[in-house]
Amino acid sequence: MMTGKTLFISGGTRGIGKAIVYAFAAQGCNVAFTYASSADTANEIIADIESKYGIKAKAYMLNILEPDTYKEVYALFDQDFDRLDFFISNAIISGRAVVGGFGPFMRLKPKGLNNIYIATVDAFVVGAQEAAKRMEKVGGGSIISMSSTGNLVYTPNYAGHGTNKAAVEAMVRYAAAELGEKGIRVNAVSGGPIDTDALKAFPNYEEVKEEVVRRSPLSRMGEAEDLTGACMFLCSDASSWMTGQTVVIDGGTTFQ
Ligand SMILES: NC(=O)c1ccc[n+]([C@@H]2O[C@H](COP(=O)([O-])OP(=O)(O)OC[C@H]3O[C@@H](n4cnc5c(N)ncnc54)[C@H](OP(=O)(O)O)[C@@H]3O)[C@@H](O)[C@H]2O)c1
């Protein structure tokens, strides 16, 4: 079904992005992905999925704190691939870049909050604009922004990310309204807490984990692979009349 098509995803070296890279490659989709610092891991993933699935894979360095550099990355992409069908804005910043953005309300600072906006909303916008130019040439495509239920459910320290996920979901609706005429659908996949490096960076990681298991009717934490099915669906004809939506995959934790 995906043979001959190409996915471009930001942040394919770890966590959710890596799971998506593997899921699409396993369906015969060619994959272009970005990394920030994990060049070696990126090369290992390329060698692994090319040999396992017989697809073409390439990786490019990208810093989402400089969203305009997406244009240079896409120029490299154009040298390697002749079509783009799917774009997933997935990468997220952590560590020093989110100081002042990740923490309790009284410690929030404009610089940290603005960094998260740049990495979440601005990076989605530039990445999706460049994707749309290429998708238009092949008659359409599917664009996805990864989001999180931290914009629906109070999550300690998560105000910066939660507000920016709400913003990117709104941006997804605007993009969907304007790109539909080009045959391009735009949606968000919003995950509940998923066991990845990003979550392990939470100072209260063990507590969050316990709370998720307690709240979920399915009595377990989310795994990166839990979000791949929604992405596959949104990139298939099964969702051909679906655009401007957010699909929530949260193990039932949002309602509890
Ligand atoms: N974990 C959760 O609970 C959860 C739940 C719902 C939604 N999400 C969303 O899902 C997405 C992926 O999250 P994750 O948990 O898989 O994250 P993760 O494990 O921390 O992986 C982050 C990815 O982003 C890349 N990256 C880091 N800093 C970057 C920068 N400055 N510029 C460009 N790329 C950078 C990393 O590349 P390197 O390996 O090279 O550093 C890595 O591939 C995010 O949008 C997140 O908000 C996460």
# chains A, B, ... in the order shown; residues from 1 in each chain; ligands from 1
>>> residues_around(residues="A:Glu211", least_positions_apart="3", cutoff="12 Å", atoms="only C-alpha atoms", output="PyMOL selection string")
chain A and resi 155-156+192-193+204-208+214-217+219-221+253-254+256
>>> write_last_selection(atoms="N, CA and C atoms", output="compact mmCIF listing (two decimals), in the first residue's frame")
# COMPACT_ATOMS: atom_id res chain seq x y z
N THR A 155 -1.09 18.63 33.78
CA THR A 155 0.11 17.79 33.95
C THR A 155 1.17 18.67 34.59
N PRO A 156 1.60 18.36 35.81
CA PRO A 156 2.57 19.24 36.50
C PRO A 156 3.79 19.55 35.62
N GLY A 192 -1.45 10.45 25.00
CA GLY A 192 -1.31 10.52 26.45
C GLY A 192 0.14 10.24 26.79
N PRO A 193 0.49 10.20 28.09
CA PRO A 193 1.90 9.99 28.44
C PRO A 193 2.48 8.68 27.88
N ASN A 204 9.44 14.09 38.09
CA ASN A 204 8.54 13.16 38.81
C ASN A 204 8.10 12.01 37.90
N TYR A 205 9.05 11.52 37.06
CA TYR A 205 8.76 10.47 36.07
C TYR A 205 8.03 9.26 36.69
N GLU A 206 8.57 8.74 37.83
CA GLU A 206 7.98 7.54 38.43
C GLU A 206 6.54 7.80 38.87
N GLU A 207 6.31 8.99 39.42
CA GLU A 207 4.97 9.38 39.87
C GLU A 207 3.99 9.47 38.69
N VAL A 208 4.47 10.11 37.61
CA VAL A 208 3.63 10.27 36.42
C VAL A 208 3.24 8.89 35.90
N ARG A 214 -2.66 4.01 36.87
CA ARG A 214 -3.85 4.03 37.73
C ARG A 214 -5.06 4.60 36.97
N ARG A 215 -4.83 5.66 36.19
CA ARG A 215 -5.95 6.31 35.50
C ARG A 215 -6.44 5.54 34.28
N SER A 216 -5.53 4.83 33.60
CA SER A 216 -5.93 4.18 32.36
C SER A 216 -6.79 2.95 32.62
N PRO A 217 -7.96 2.87 31.97
CA PRO A 217 -8.77 1.65 32.07
C PRO A 217 -8.00 0.44 31.54
N SER A 219 -4.86 0.01 32.24
CA SER A 219 -3.88 -0.26 33.31
C SER A 219 -2.44 -0.39 32.84
N ARG A 220 -2.07 0.45 31.89
CA ARG A 220 -0.65 0.47 31.53
C ARG A 220 -0.29 1.83 30.96
N MET A 221 1.00 2.05 30.91
CA MET A 221 1.60 3.25 30.34
C MET A 221 1.54 3.15 28.81
N THR A 253 -6.93 7.77 29.47
CA THR A 253 -6.53 8.54 30.66
C THR A 253 -7.17 9.93 30.75
N THR A 254 -7.62 10.47 29.62
CA THR A 254 -8.12 11.84 29.63
C THR A 254 -9.45 11.99 30.36
N GLN A 256 -10.58 10.00 32.81
CA GLN A 256 -10.60 9.47 34.18
C GLN A 256 -10.23 10.53 35.21
>>> residues_around(residues="stretch 9-21 of chain A", least_positions_apart="2", cutoff="7 Å", atoms="only C-alpha atoms", output="CSV table (one decimal) with C-alpha atoms, in the first residue's frame")
chain,number,residue,atom,x,y,z
A,7,LEU,CA,7.5,9.9,4.5
A,23,ALA,CA,6.1,1.3,11.1
A,24,PHE,CA,6.2,3.1,7.8
A,25,ALA,CA,9.3,1.4,6.5
A,31,VAL,CA,11.6,7.3,4.8
A,32,ALA,CA,13.5,10.6,5.3
A,33,PHE,CA,14.0,11.6,8.9
A,34,THR,CA,15.9,14.2,10.9
A,35,TYR,CA,18.1,14.1,14.0
A,38,SER,CA,22.2,11.4,17.3
A,41,THR,CA,21.9,6.3,15.8
A,42,ALA,CA,20.4,7.8,12.6
A,87,PHE,CA,5.1,14.8,6.5
A,88,ILE,CA,5.0,14.3,10.3
A,89,SER,CA,6.2,17.2,12.6
A,90,ASN,CA,7.3,15.2,15.6
A,91,ALA,CA,10.7,16.5,17.0
A,196,THR,CA,10.1,7.8,26.1
A,197,ASP,CA,13.2,9.9,26.9
A,224,ALA,CA,5.9,4.7,21.4
A,225,GLU,CA,4.3,2.1,19.1
A,228,THR,CA,1.9,4.5,15.0
>>> closest_residue(among="A:Tyr22, A:Tyr174, A:Phe202, A:Phe8", to="ligand 1", atoms="only C-alpha atoms and all ligand atoms")
A:Phe202
>>> atom_distance(atom1="atom CA of A:Asp78", atom2="atom CA of A:Ala39")
20.0 Å
>>> atom_distance(atom1="atom CA of A:Ala198", atom2="atom CA of A:Asn164")
15.7 Å
>>> closest_residue(among="A:Met106, A:Val125, A:Ile45, A:Leu62", to="ligand 1", atoms="only C-alpha atoms and all ligand atoms")
A:Leu62
>>> closest_residue(among="A:Pro203, A:Gly191, A:Gly229, A:Gly222", to="ligand 1", atoms="only C-alpha atoms and all ligand atoms")
A:Gly191
>>> decode(residues="stretch 128-150 of chain A", atoms="C-alpha atoms", output="mmCIF file, in the first residue's frame")
data_model
loop_
_atom_site.group_PDB
_atom_site.id
_atom_site.type_symbol
_atom_site.label_atom_id
_atom_site.label_comp_id
_atom_site.auth_asym_id
_atom_site.auth_seq_id
_atom_site.Cartn_x
_atom_site.Cartn_y
_atom_site.Cartn_z
ATOM 1 C CA ALA A 128 4.480 21.772 6.546
ATOM 2 C CA GLN A 129 4.810 24.674 4.055
ATOM 3 C CA GLU A 130 7.819 23.032 2.435
ATOM 4 C CA ALA A 131 6.027 19.666 2.488
ATOM 5 C CA ALA A 132 2.899 21.137 0.878
ATOM 6 C CA LYS A 133 4.897 22.601 -2.043
ATOM 7 C CA ARG A 134 6.172 19.103 -2.829
ATOM 8 C CA MET A 135 2.891 17.264 -2.164
ATOM 9 C CA GLU A 136 1.088 19.583 -4.550
ATOM 10 C CA LYS A 137 3.294 18.262 -7.346
ATOM 11 C CA VAL A 138 2.103 14.682 -6.759
ATOM 12 C CA GLY A 139 -1.569 15.585 -6.366
ATOM 13 C CA GLY A 140 -1.816 15.691 -2.569
ATOM 14 C CA GLY A 141 -0.620 14.186 0.670
ATOM 15 C CA SER A 142 -1.069 13.943 4.406
ATOM 16 C CA ILE A 143 0.492 16.154 7.081
ATOM 17 C CA ILE A 144 0.452 15.316 10.793
ATOM 18 C CA SER A 145 1.552 17.222 13.879
ATOM 19 C CA MET A 146 2.266 15.182 16.981
ATOM 20 C CA SER A 147 0.473 16.634 19.983
ATOM 21 C CA SER A 148 -0.179 15.578 23.549
ATOM 22 C CA THR A 149 -3.084 15.390 25.975
ATOM 23 C CA GLY A 150 -1.089 17.710 28.242
#
